file coords_34.cif (mmCIF, C-alpha atoms)
data_work
#
loop_
_atom_site.label_atom_id
_atom_site.label_comp_id
_atom_site.auth_asym_id
_atom_site.auth_seq_id
_atom_site.Cartn_x
_atom_site.Cartn_y
_atom_site.Cartn_z
CA MET M 1 -22.20 -13.69 -52.33
CA SER M 2 -20.56 -16.90 -51.12
CA GLU M 3 -22.59 -19.59 -49.40
CA ALA M 4 -23.14 -19.28 -45.68
CA LEU M 5 -20.66 -20.80 -43.26
CA ARG M 6 -22.72 -23.37 -41.36
CA VAL M 7 -22.00 -23.54 -37.63
CA GLY M 8 -22.96 -26.14 -35.04
CA ILE M 9 -22.75 -25.22 -31.36
CA ALA M 10 -22.45 -27.87 -28.65
CA GLY M 11 -23.02 -26.44 -25.19
CA LEU M 12 -25.51 -23.61 -24.67
CA GLY M 13 -24.51 -22.36 -21.26
CA THR M 14 -23.45 -18.78 -20.60
CA VAL M 15 -20.79 -18.77 -23.31
CA GLY M 16 -22.66 -20.86 -25.88
CA ALA M 17 -25.80 -18.73 -25.60
CA SER M 18 -23.67 -15.58 -25.90
CA VAL M 19 -22.01 -16.93 -29.06
CA ALA M 20 -25.39 -17.71 -30.65
CA ARG M 21 -26.71 -14.28 -29.67
CA VAL M 22 -23.68 -12.41 -31.05
CA LEU M 23 -23.84 -14.34 -34.34
CA ALA M 24 -27.54 -13.40 -34.64
CA GLU M 25 -27.30 -9.77 -33.53
CA LYS M 26 -24.14 -9.04 -35.57
CA ALA M 27 -25.15 -11.05 -38.63
CA SER M 28 -25.09 -8.14 -41.10
CA GLU M 29 -21.80 -6.76 -39.82
CA LEU M 30 -20.16 -10.18 -39.83
CA THR M 31 -21.37 -10.81 -43.38
CA ARG M 32 -19.73 -7.57 -44.53
CA GLN M 33 -16.49 -8.36 -42.71
CA CYS M 34 -16.26 -11.98 -43.80
CA GLY M 35 -17.73 -11.73 -47.30
CA ARG M 36 -20.26 -14.46 -46.52
CA PRO M 37 -23.06 -15.08 -44.00
CA ILE M 38 -22.55 -17.15 -40.87
CA ALA M 39 -25.52 -19.30 -39.92
CA VAL M 40 -26.11 -21.50 -36.87
CA THR M 41 -27.60 -24.63 -38.40
CA GLY M 42 -27.33 -27.07 -35.49
CA VAL M 43 -27.20 -26.98 -31.69
CA SER M 44 -26.89 -29.40 -28.80
CA ALA M 45 -27.26 -29.02 -25.05
CA ARG M 46 -28.44 -30.92 -22.00
CA THR M 47 -31.80 -29.13 -21.78
CA ARG M 48 -33.84 -28.37 -24.86
CA GLY M 49 -36.62 -26.05 -23.73
CA ARG M 50 -34.70 -23.52 -21.65
CA ASP M 51 -34.91 -19.84 -22.57
CA ARG M 52 -31.41 -18.75 -23.59
CA GLY M 53 -32.26 -15.27 -24.77
CA VAL M 54 -31.81 -16.06 -28.46
CA ASP M 55 -34.06 -17.60 -31.10
CA LEU M 56 -32.60 -20.97 -32.14
CA SER M 57 -35.73 -22.35 -33.79
CA ALA M 58 -34.09 -22.38 -37.23
CA ALA M 59 -31.28 -24.65 -36.01
CA GLN M 60 -31.63 -28.42 -35.90
CA TRP M 61 -31.53 -29.83 -32.39
CA PHE M 62 -29.28 -32.76 -31.47
CA ASP M 63 -29.62 -34.57 -28.16
CA ASP M 64 -26.26 -36.21 -28.82
CA PRO M 65 -23.49 -33.65 -29.45
CA ALA M 66 -21.39 -36.32 -31.20
CA GLU M 67 -24.07 -36.59 -33.89
CA LEU M 68 -23.92 -32.83 -34.38
CA ALA M 69 -20.13 -32.99 -34.60
CA ALA M 70 -20.23 -35.50 -37.46
CA TRP M 71 -23.31 -34.03 -39.21
CA ASP M 72 -22.79 -32.98 -42.81
CA GLY M 73 -25.00 -29.95 -42.24
CA ILE M 74 -22.19 -27.97 -40.60
CA ASP M 75 -18.82 -26.62 -41.68
CA VAL M 76 -17.64 -25.57 -38.20
CA PHE M 77 -18.17 -27.34 -34.90
CA VAL M 78 -18.02 -25.07 -31.82
CA GLU M 79 -17.27 -27.08 -28.68
CA LEU M 80 -18.34 -25.38 -25.45
CA ILE M 81 -19.11 -28.49 -23.40
CA GLY M 82 -15.99 -28.42 -21.24
CA GLY M 83 -13.89 -31.14 -19.65
CA ASP M 84 -10.75 -32.89 -20.87
CA GLU M 85 -12.35 -36.28 -21.51
CA GLY M 86 -15.80 -37.70 -22.27
CA PRO M 87 -18.18 -35.90 -24.64
CA ALA M 88 -15.87 -32.95 -25.35
CA LEU M 89 -13.00 -35.15 -26.53
CA ALA M 90 -15.30 -37.49 -28.46
CA CYS M 91 -17.10 -34.62 -30.19
CA VAL M 92 -14.01 -32.66 -31.21
CA THR M 93 -12.38 -35.85 -32.51
CA ALA M 94 -15.51 -36.75 -34.49
CA ALA M 95 -15.79 -33.26 -35.97
CA LEU M 96 -12.16 -33.19 -37.11
CA GLU M 97 -12.39 -36.72 -38.53
CA ALA M 98 -15.46 -35.61 -40.47
CA GLY M 99 -13.43 -32.78 -42.01
CA HIS M 100 -15.09 -29.99 -40.06
CA HIS M 101 -13.25 -27.00 -38.65
CA VAL M 102 -13.36 -26.80 -34.86
CA VAL M 103 -13.50 -23.82 -32.52
CA THR M 104 -13.16 -24.49 -28.79
CA ALA M 105 -12.73 -22.64 -25.51
CA ASN M 106 -11.60 -25.80 -23.75
CA LYS M 107 -8.12 -25.29 -22.28
CA ALA M 108 -8.21 -28.55 -20.31
CA LEU M 109 -8.93 -30.54 -23.47
CA LEU M 110 -6.09 -28.87 -25.36
CA ALA M 111 -3.63 -29.23 -22.49
CA ARG M 112 -4.30 -32.98 -22.36
CA HIS M 113 -5.07 -33.90 -25.97
CA GLY M 114 -4.03 -30.90 -28.05
CA LEU M 115 -1.23 -32.65 -29.93
CA ALA M 116 -3.38 -35.64 -30.92
CA LEU M 117 -6.19 -33.34 -32.06
CA ALA M 118 -3.74 -31.12 -33.95
CA LYS M 119 -2.48 -34.18 -35.85
CA ILE M 120 -6.00 -34.96 -37.03
CA ALA M 121 -6.64 -31.33 -38.01
CA GLU M 122 -3.42 -31.19 -40.03
CA ALA M 123 -4.17 -34.50 -41.73
CA LYS M 124 -7.69 -33.38 -42.66
CA GLY M 125 -6.61 -29.87 -43.70
CA VAL M 126 -8.98 -28.13 -41.29
CA LEU M 127 -8.57 -25.51 -38.60
CA LEU M 128 -8.56 -26.05 -34.85
CA ASN M 129 -8.98 -22.58 -33.36
CA TYR M 130 -8.87 -21.93 -29.60
CA GLU M 131 -8.47 -18.21 -28.90
CA ALA M 132 -11.05 -18.38 -26.10
CA ALA M 133 -9.14 -21.13 -24.28
CA VAL M 134 -6.51 -18.74 -22.90
CA ALA M 135 -7.15 -15.30 -21.37
CA GLY M 136 -10.74 -14.96 -22.56
CA GLY M 137 -11.19 -12.01 -24.89
CA ILE M 138 -7.48 -11.15 -25.13
CA PRO M 139 -6.16 -12.13 -28.60
CA VAL M 140 -2.98 -13.73 -27.26
CA ILE M 141 -3.19 -16.95 -29.31
CA LYS M 142 -3.53 -15.11 -32.59
CA THR M 143 -0.75 -12.74 -31.57
CA MET M 144 1.67 -15.55 -30.79
CA ARG M 145 0.62 -17.85 -33.63
CA GLU M 146 0.37 -15.30 -36.42
CA ALA M 147 1.63 -11.82 -35.57
CA MET M 148 5.06 -12.60 -34.15
CA ALA M 149 6.72 -14.43 -37.04
CA GLY M 150 10.50 -14.32 -36.73
CA ASN M 151 10.45 -13.43 -33.03
CA ALA M 152 12.20 -15.78 -30.63
CA VAL M 153 10.31 -15.82 -27.33
CA THR M 154 12.42 -15.93 -24.18
CA ARG M 155 9.70 -15.67 -21.56
CA VAL M 156 5.91 -15.57 -21.38
CA PHE M 157 4.06 -14.91 -18.15
CA GLY M 158 0.83 -13.49 -16.91
CA ILE M 159 -2.30 -13.36 -14.82
CA LEU M 160 -4.38 -16.12 -16.37
CA ASN M 161 -7.12 -16.73 -13.82
CA GLY M 162 -9.69 -14.06 -13.01
CA THR M 163 -10.95 -15.77 -9.85
CA CYS M 164 -7.54 -15.67 -8.17
CA ASN M 165 -6.87 -12.12 -9.29
CA TYR M 166 -10.24 -11.01 -7.95
CA ILE M 167 -9.53 -12.59 -4.56
CA LEU M 168 -6.02 -11.13 -4.24
CA THR M 169 -7.25 -7.70 -5.36
CA ARG M 170 -9.98 -7.62 -2.71
CA MET M 171 -7.69 -8.96 0.00
CA GLU M 172 -5.37 -6.02 -0.58
CA ALA M 173 -8.01 -3.34 -1.12
CA GLU M 174 -10.32 -4.27 1.77
CA GLY M 175 -8.05 -6.05 4.23
CA ILE M 176 -10.26 -9.14 4.41
CA SER M 177 -9.23 -12.77 4.62
CA PHE M 178 -8.77 -15.25 1.80
CA GLU M 179 -11.73 -17.29 3.08
CA ASP M 180 -14.11 -14.30 3.09
CA CYS M 181 -12.99 -13.20 -0.38
CA LEU M 182 -13.55 -16.70 -1.72
CA LYS M 183 -17.09 -16.81 -0.32
CA ASP M 184 -17.88 -13.50 -2.04
CA ALA M 185 -16.36 -14.73 -5.30
CA GLN M 186 -18.60 -17.79 -5.15
CA ARG M 187 -21.67 -15.68 -4.38
CA LEU M 188 -20.93 -13.40 -7.35
CA GLY M 189 -20.30 -16.30 -9.73
CA TYR M 190 -16.55 -15.67 -10.12
CA ALA M 191 -15.69 -18.93 -8.35
CA GLU M 192 -17.23 -22.40 -8.57
CA ALA M 193 -18.86 -24.19 -5.64
CA ASP M 194 -15.69 -26.32 -5.65
CA PRO M 195 -13.04 -23.67 -6.35
CA THR M 196 -10.03 -26.02 -6.21
CA PHE M 197 -9.39 -25.95 -9.96
CA ASP M 198 -8.97 -22.17 -9.86
CA ILE M 199 -7.42 -21.37 -6.50
CA GLU M 200 -4.86 -24.18 -6.52
CA GLY M 201 -3.52 -23.16 -9.94
CA HIS M 202 -4.81 -25.94 -12.23
CA ASP M 203 -6.70 -23.60 -14.55
CA THR M 204 -3.67 -21.33 -14.90
CA ALA M 205 -1.45 -24.37 -15.53
CA HIS M 206 -3.59 -25.62 -18.43
CA LYS M 207 -3.46 -22.20 -20.08
CA LEU M 208 0.28 -21.88 -19.45
CA ALA M 209 0.92 -25.29 -21.07
CA ILE M 210 -0.69 -24.03 -24.29
CA LEU M 211 1.25 -20.76 -24.25
CA THR M 212 4.50 -22.64 -23.62
CA SER M 213 4.03 -24.76 -26.74
CA LEU M 214 3.32 -21.68 -28.85
CA ALA M 215 6.21 -19.73 -27.32
CA PHE M 216 8.96 -22.34 -27.59
CA GLY M 217 7.78 -24.77 -30.27
CA SER M 218 7.69 -27.62 -27.76
CA ARG M 219 5.17 -30.36 -27.24
CA ILE M 220 2.53 -29.60 -24.64
CA SER M 221 3.53 -30.89 -21.22
CA ALA M 222 0.87 -29.93 -18.70
CA ASP M 223 2.10 -32.48 -16.16
CA ASP M 224 5.53 -30.85 -15.91
CA ILE M 225 4.35 -27.57 -14.40
CA TYR M 226 5.41 -26.60 -10.88
CA MET M 227 2.23 -25.45 -9.19
CA GLU M 228 1.21 -23.59 -6.04
CA GLY M 229 -2.15 -21.97 -5.36
CA ILE M 230 -3.19 -18.93 -3.34
CA SER M 231 -5.05 -20.57 -0.45
CA ASN M 232 -2.11 -20.02 1.92
CA ILE M 233 -1.80 -16.28 1.23
CA THR M 234 -2.63 -14.27 4.36
CA GLN M 235 -3.19 -10.66 5.24
CA ALA M 236 0.28 -10.68 6.79
CA ASP M 237 1.72 -11.45 3.35
CA ILE M 238 -0.43 -8.84 1.62
CA ARG M 239 0.56 -6.12 4.09
CA ALA M 240 4.24 -7.00 4.07
CA ALA M 241 4.29 -7.00 0.27
CA GLY M 242 2.76 -3.52 0.18
CA GLU M 243 5.24 -2.12 2.68
CA LEU M 244 8.11 -3.54 0.63
CA GLY M 245 6.79 -2.03 -2.62
CA TYR M 246 5.27 -5.21 -4.05
CA ARG M 247 1.86 -6.65 -4.87
CA ILE M 248 1.01 -10.36 -4.83
CA LYS M 249 -0.34 -11.93 -8.03
CA LEU M 250 -0.85 -15.52 -9.09
CA LEU M 251 1.32 -15.82 -12.20
CA GLY M 252 1.90 -18.50 -14.77
CA VAL M 253 5.51 -18.22 -15.98
CA ALA M 254 7.29 -20.09 -18.78
CA GLN M 255 10.86 -19.32 -19.77
CA ARG M 256 13.75 -20.92 -21.57
CA THR M 257 16.77 -21.67 -19.38
CA GLU M 258 20.12 -23.40 -19.88
CA SER M 259 18.70 -26.60 -18.40
CA GLY M 260 15.45 -26.61 -20.36
CA ILE M 261 12.04 -24.93 -20.26
CA GLU M 262 10.74 -23.84 -16.89
CA GLN M 263 6.97 -23.80 -16.33
CA ARG M 264 5.63 -22.64 -12.98
CA VAL M 265 2.40 -21.36 -11.45
CA HIS M 266 2.57 -19.72 -8.03
CA PRO M 267 1.89 -16.56 -6.03
CA THR M 268 4.46 -13.95 -6.97
CA MET M 269 5.48 -10.55 -5.69
CA VAL M 270 5.70 -8.02 -8.51
CA PRO M 271 6.79 -4.37 -8.09
CA THR M 272 3.79 -2.10 -7.53
CA ALA M 273 5.15 0.23 -10.22
CA SER M 274 4.99 -2.52 -12.86
CA VAL M 275 2.13 -2.58 -15.36
CA ILE M 276 1.07 -6.11 -14.46
CA ALA M 277 0.68 -5.07 -10.82
CA GLN M 278 -2.07 -2.67 -11.95
CA VAL M 279 -4.19 -5.51 -13.38
CA HIS M 280 -7.05 -5.83 -10.91
CA GLY M 281 -10.24 -7.82 -10.40
CA VAL M 282 -11.15 -10.50 -12.95
CA THR M 283 -8.94 -8.92 -15.63
CA ASN M 284 -6.22 -11.07 -17.23
CA ALA M 285 -2.85 -10.02 -18.64
CA VAL M 286 -0.16 -11.78 -20.66
CA ALA M 287 3.41 -10.50 -21.15
CA ILE M 288 5.57 -11.86 -23.97
CA GLU M 289 9.31 -11.15 -24.13
CA THR M 290 11.04 -11.58 -27.50
CA ASP M 291 14.33 -10.77 -29.19
CA ILE M 292 12.89 -8.51 -31.91
CA LEU M 293 9.76 -6.96 -30.44
CA GLY M 294 11.04 -6.68 -26.91
CA GLU M 295 8.27 -6.88 -24.34
CA LEU M 296 4.58 -6.93 -25.24
CA LEU M 297 1.80 -6.82 -22.64
CA LEU M 298 -1.78 -7.74 -23.55
CA SER M 299 -4.53 -7.09 -21.01
CA GLY M 300 -8.30 -7.35 -20.98
CA PRO M 301 -11.37 -9.31 -19.86
CA GLY M 302 -10.29 -12.85 -19.10
CA ALA M 303 -13.61 -14.53 -18.46
CA GLY M 304 -17.37 -14.19 -18.70
CA GLY M 305 -19.91 -14.83 -21.42
CA ASN M 306 -19.24 -11.79 -23.57
CA ALA M 307 -15.43 -11.88 -23.40
CA THR M 308 -15.23 -15.58 -24.20
CA ALA M 309 -17.94 -15.33 -26.85
CA SER M 310 -16.03 -12.52 -28.54
CA ALA M 311 -12.99 -14.78 -28.91
CA VAL M 312 -15.10 -17.69 -30.18
CA VAL M 313 -16.87 -15.51 -32.75
CA GLY M 314 -13.51 -14.13 -33.85
CA ASP M 315 -12.27 -17.68 -34.50
CA VAL M 316 -15.43 -18.51 -36.47
CA ALA M 317 -15.06 -15.31 -38.50
CA ASP M 318 -11.46 -16.21 -39.39
CA ILE M 319 -12.72 -19.49 -40.82
CA ALA M 320 -15.46 -17.68 -42.73
CA LYS M 321 -12.88 -15.38 -44.32
CA ALA M 322 -10.74 -18.28 -45.58
CA ARG M 323 -11.20 -19.15 -49.24
CA PRO M 324 -10.97 -22.50 -51.08
CA GLY M 325 -7.36 -23.51 -51.51
CA PHE M 326 -6.25 -21.49 -48.50
CA GLN M 327 -3.39 -23.23 -46.69
CA HIS M 328 -4.24 -23.40 -43.01
CA GLY M 329 -1.49 -22.65 -40.50
CA PRO M 330 -0.40 -25.25 -37.94
CA VAL M 331 -2.45 -25.48 -34.76
CA PHE M 332 0.49 -24.73 -32.45
CA GLY M 333 2.46 -22.47 -34.76
CA ARG M 334 4.41 -25.27 -36.44
CA PRO M 335 3.48 -28.79 -37.61
CA VAL M 336 3.09 -31.31 -34.79
CA LYS M 337 5.98 -33.41 -36.14
CA GLU M 338 8.27 -30.37 -35.83
CA LEU M 339 7.39 -29.62 -32.20
CA THR M 340 10.40 -30.46 -30.05
CA PRO M 341 10.24 -32.83 -27.08
CA TYR M 342 9.66 -30.93 -23.87
CA LYS M 343 12.77 -30.73 -21.70
CA LYS M 344 11.90 -29.77 -18.15
CA ALA M 345 14.23 -27.29 -16.46
CA ARG M 346 15.49 -28.06 -12.99
CA MET M 347 12.97 -26.07 -10.95
CA ARG M 348 15.14 -25.91 -7.85
CA THR M 349 17.76 -23.94 -9.78
CA HIS M 350 15.30 -21.10 -10.47
CA GLU M 351 17.05 -17.83 -9.74
CA GLY M 352 15.48 -14.67 -8.40
CA GLY M 353 14.73 -12.79 -5.22
CA TYR M 354 12.54 -14.24 -2.45
CA PHE M 355 10.22 -13.01 0.28
CA ILE M 356 10.35 -15.23 3.37
CA ARG M 357 7.95 -14.83 6.30
CA LEU M 358 8.79 -16.72 9.50
CA THR M 359 6.74 -16.78 12.69
CA VAL M 360 9.31 -17.55 15.40
CA HIS M 361 9.58 -17.99 19.14
CA ASP M 362 10.55 -14.70 20.79
CA ARG M 363 13.83 -15.64 22.37
CA THR M 364 17.46 -14.55 22.30
CA GLY M 365 19.54 -15.65 19.34
CA VAL M 366 16.74 -16.36 16.84
CA PHE M 367 17.71 -13.51 14.48
CA ALA M 368 21.34 -14.60 14.56
CA ALA M 369 20.40 -18.25 13.94
CA ILE M 370 18.28 -17.34 10.93
CA ALA M 371 21.01 -15.14 9.49
CA LYS M 372 23.52 -17.95 10.00
CA ARG M 373 21.39 -20.46 8.07
CA MET M 374 21.03 -17.99 5.20
CA ALA M 375 24.80 -17.38 5.12
CA GLU M 376 25.50 -21.12 5.13
CA ASN M 377 23.50 -21.39 1.90
CA GLU M 378 25.19 -18.33 0.37
CA ILE M 379 21.98 -16.29 0.48
CA SER M 380 22.54 -12.54 0.51
CA LEU M 381 19.81 -10.71 2.38
CA GLU M 382 18.50 -7.37 1.21
CA SER M 383 16.72 -7.00 4.54
CA ILE M 384 15.81 -8.93 7.70
CA VAL M 385 13.37 -7.23 10.04
CA GLN M 386 10.85 -7.95 12.73
CA HIS M 387 7.59 -7.11 11.04
CA ALA M 388 5.34 -4.74 12.92
CA ASN M 389 2.02 -6.07 11.62
CA GLY M 390 2.52 -9.81 11.89
CA ALA M 391 1.47 -12.30 14.57
CA ASN M 392 3.55 -10.51 17.20
CA THR M 393 2.83 -11.44 20.83
CA GLU M 394 4.94 -11.68 23.94
CA SER M 395 5.90 -15.24 22.99
CA GLN M 396 6.28 -15.04 19.22
CA LYS M 397 7.38 -12.63 16.52
CA THR M 398 7.10 -12.36 12.75
CA VAL M 399 10.39 -12.07 10.86
CA ILE M 400 10.41 -10.87 7.26
CA LEU M 401 13.39 -11.58 5.01
CA VAL M 402 13.94 -10.32 1.47
CA THR M 403 16.80 -11.93 -0.41
CA HIS M 404 18.91 -10.78 -3.29
CA GLU M 405 18.93 -13.06 -6.32
CA THR M 406 19.56 -16.63 -5.23
CA THR M 407 18.40 -20.13 -6.11
CA GLU M 408 15.23 -21.94 -5.17
CA ALA M 409 17.29 -24.83 -3.83
CA ALA M 410 19.30 -22.56 -1.52
CA VAL M 411 16.17 -20.89 -0.10
CA ARG M 412 14.39 -24.19 0.52
CA LYS M 413 17.47 -25.69 2.18
CA ALA M 414 17.92 -22.68 4.46
CA VAL M 415 14.25 -22.58 5.46
CA ASP M 416 14.27 -26.32 6.14
CA ALA M 417 17.31 -25.83 8.41
CA VAL M 418 15.58 -23.02 10.35
CA THR M 419 12.55 -25.27 10.75
CA LYS M 420 14.66 -28.15 12.08
CA ASP M 421 16.37 -25.77 14.50
CA GLY M 422 13.02 -25.48 16.29
CA HIS M 423 12.66 -21.72 15.97
CA LEU M 424 9.37 -21.68 14.05
CA VAL M 425 5.90 -21.44 15.56
CA ASP M 426 4.05 -21.83 12.25
CA LYS M 427 4.68 -23.03 8.70
CA PRO M 428 7.11 -20.73 6.82
CA GLN M 429 5.91 -18.70 3.85
CA VAL M 430 8.12 -18.37 0.76
CA ILE M 431 7.02 -16.20 -2.17
CA ARG M 432 9.11 -15.53 -5.25
CA ILE M 433 9.82 -12.00 -6.39
CA GLU M 434 9.44 -11.70 -10.16
CA ARG M 435 10.83 -9.25 -12.67
CA ALA M 436 7.63 -7.95 -14.30
CA ALA M 437 6.38 -5.74 -17.12
#

call {"tool": "encode", "arguments": {"input": "coords_34.cif", "output": "structure tokens"}}
result
Amino acid sequence: MSEALRVGIAGLGTVGASVARVLAEKASELTRQCGRPIAVTGVSARTRGRDRGVDLSAAQWFDDPAELAAWDGIDVFVELIGGDEGPALACVTAALEAGHHVVTANKALLARHGLALAKIAEAKGVLLNYEAAVAGGIPVIKTMREAMAGNAVTRVFGILNGTCNYILTRMEAEGISFEDCLKDAQRLGYAEADPTFDIEGHDTAHKLAILTSLAFGSRISADDIYMEGISNITQADIRAAGELGYRIKLLGVAQRTESGIEQRVHPTMVPTASVIAQVHGVTNAVAIETDILGELLLSGPGAGGNATASAVVGDVADIAKARPGFQHGPVFGRPVKELTPYKKARMRTHEGGYFIRLTVHDRTGVFAAIAKRMAENEISLESIVQHANGANTESQKTVILVTHETTEAAVRKAVDAVTKDGHLVDKPQVIRIERAA
């Protein structure tokens, strides 16, 4: 039998401990599958003596994860520290420079430094695997990087953040407010004490940046993503969406357009009959549209110790199966030097249907004024109605508009005009309607 693949794990939180436990409990099965044993020979974490539910006494302890990363007693460095700078970046760089393979679940690190790290990996002839960085246990990276050769991707989109999907699911199912759902998500461990990274779309954006590079062969450009979170979604929006035959989801969407590549993260109305509308709770889903395969939808656990650990162990097992002389594939599907410069599409030219909710003063001529502003911007309305379940009082009414396909620029211009006309009581709500799997 071949020599054991020696693994060092930096970060022994929920995911790191789960990885160590799976490697120990599934040792025999993994050996049969990979043709060689996998052994954890080194570990590093902030606290040494904590009980993590797995025996790590045979592994050498490192107080400094950078020392573990460069140690010649490992073949693979597993980075589960987190963060896009500091120790995580230093450790992954050190491991690659030392000629070690790297497995990481760190989407923020890859979104910010993925290209630089990929260059080092390619120069050293080692693997940088990151299945766990996007959509948890769903094998979307491997699918896009390895299983779709020859396919030209036209669009990739999905539910990439379990916290947001959990909140929106409960808001619809139980009729409770965003604030109450968020508190429950924090109590249950689905949301952080500071939930901004999740609920304002940053987490989804980092994952989308990675998928965009794989889909279109472009350099990662996390700073060029249009981003809106879900904190302004109300029960009025949830109810109106349901009555119109839609469900609200936070989607990350990347697609090729005539003006470039469009990347956007925002609340979206998807038809309730679509498959992606049936993805509830903390589950993630990714849809990939291609010229040969057509449309592929992958769905499954997007977060949590076991789901993420499964993806990490899968990446380690792939390395264990590789044999001397094996030519490793490029980190982002093609060599870094062949990745094309990212050309940002003009976001305001995005075309599609829109849901517009306006809380207006209840006075004569408001409907006609709104319709006029829409017509001035060549917006065709599918419907314009006074909504029965909005903030209706004797002095104000809720008006719901659904447009036919139009441009982002036209919608924003029309809504700005209605606002300047003085008809609005509250801030307008605009939600895109997306064609979905």

call {"tool": "closest_atom_pairs", "arguments": {"input": "coords_34.cif", "of": "stretch 43-149 of chain M", "to": "stretch 299-303 of chain M", "cutoff": "10 Å", "atoms": "only C-alpha atoms", "output": "tab-separated table"}}
result
residue	atom	partner	partner_atom	distance
M:Ala132	CA	M:Ala303	CA	8.9
M:Ala133	CA	M:Gly302	CA	9.8
M:Val134	CA	M:Gly302	CA	8.0
M:Ala135	CA	M:Gly302	CA	4.6
M:Gly136	CA	M:Gly302	CA	4.1
M:Gly137	CA	M:Pro301	CA	5.7
M:Ile138	CA	M:Gly300	CA	5.7
M:Pro139	CA	M:Gly300	CA	9.2
M:Val140	CA	M:Ser299	CA	9.2

call {"tool": "atom_distance", "arguments": {"input": "coords_34.cif", "atom1": "atom CA of M:Asn129", "atom2": "atom CA of M:Val279"}}
result
26.7 Å

call {"tool": "residues_around", "arguments": {"input": "coords_34.cif", "residues": "M:Ala285", "least_positions_apart": "4", "cutoff": "7 Å", "atoms": "only C-alpha atoms", "output": "PyMOL selection string"}}
result
chain M and resi 158-160+276+297-300

call {"tool": "residues_around", "arguments": {"input": "coords_34.cif", "residues": "M:Ala108", "least_positions_apart": "5", "cutoff": "9 Å", "atoms": "all atoms listed in the file", "output": "list in words"}}
result
Gly82, Gly83, Asp84, Glu85, His113, Ala133, Asp203, His206 and Lys207 of chain M

call {"tool": "resolve_selection", "arguments": {"input": "coords_34.cif", "expression": "the PyMOL selection byres ((chain M and resi 16-31) around 9)", "output": "PyMOL selection string"}}
result
chain M and resi 4+9-15+32-40+52-56+78-81+305-306+308-310+312-313+317

call {"tool": "resolve_selection", "arguments": {"input": "coords_34.cif", "expression": "the PyMOL selection byres ((chain M and resi 66) around 8)", "output": "list in words"}}
result
Asp64, Pro65, Glu67, Leu68, Ala69, Ala70, Pro87, Ala90, Cys91, Ala94 and Ala95 of chain M

call {"tool": "closest_residue", "arguments": {"input": "coords_34.cif", "among": "M:Ala88, M:Ala191, M:Asp63, M:Met144", "to": "M:Leu117", "atoms": "all atoms listed in the file"}}
result
M:Ala88

call {"tool": "residues_around", "arguments": {"input": "coords_34.cif", "residues": "M:Val126", "least_positions_apart": "2", "cutoff": "7 Å", "atoms": "only C-alpha atoms", "output": "ChimeraX atom specification"}}
result
/M:99-101,121-122,124,128,328

call {"tool": "write_last_selection", "arguments": {"input": "coords_34.cif", "atoms": "C-alpha atoms", "output": "short mmCIF file (atom, residue, chain, number, x, y, z; two decimals), in the frame of the given file"}}
result
data_model
loop_
_atom_site.label_atom_id
_atom_site.label_comp_id
_atom_site.auth_asym_id
_atom_site.auth_seq_id
_atom_site.Cartn_x
_atom_site.Cartn_y
_atom_site.Cartn_z
CA GLY M 99 -13.43 -32.78 -42.01
CA HIS M 100 -15.09 -29.99 -40.06
CA HIS M 101 -13.25 -27.00 -38.65
CA ALA M 121 -6.64 -31.33 -38.01
CA GLU M 122 -3.42 -31.19 -40.03
CA LYS M 124 -7.69 -33.38 -42.66
CA LEU M 128 -8.56 -26.05 -34.85
CA HIS M 328 -4.24 -23.40 -43.01
#

call {"tool": "closest_residue", "arguments": {"input": "coords_34.cif", "among": "M:Val43, M:Ile400, M:Ala409, M:Leu293", "to": "M:Arg346", "atoms": "all atoms listed in the file"}}
result
M:Ala409

call {"tool": "residues_around", "arguments": {"input": "coords_34.cif", "residues": "M:Thr403", "least_positions_apart": "6", "cutoff": "6 Å", "atoms": "all atoms listed in the file", "output": "mmCIF file with C-alpha atoms, in the frame of the given file"}}
result
data_model
loop_
_atom_site.group_PDB
_atom_site.id
_atom_site.type_symbol
_atom_site.label_atom_id
_atom_site.label_comp_id
_atom_site.auth_asym_id
_atom_site.auth_seq_id
_atom_site.Cartn_x
_atom_site.Cartn_y
_atom_site.Cartn_z
ATOM 1 C CA GLY M 353 14.730 -12.790 -5.220
ATOM 2 C CA TYR M 354 12.540 -14.240 -2.450
ATOM 3 C CA SER M 380 22.540 -12.540 0.510
ATOM 4 C CA LEU M 381 19.810 -10.710 2.380
ATOM 5 C CA GLU M 382 18.500 -7.370 1.210
#
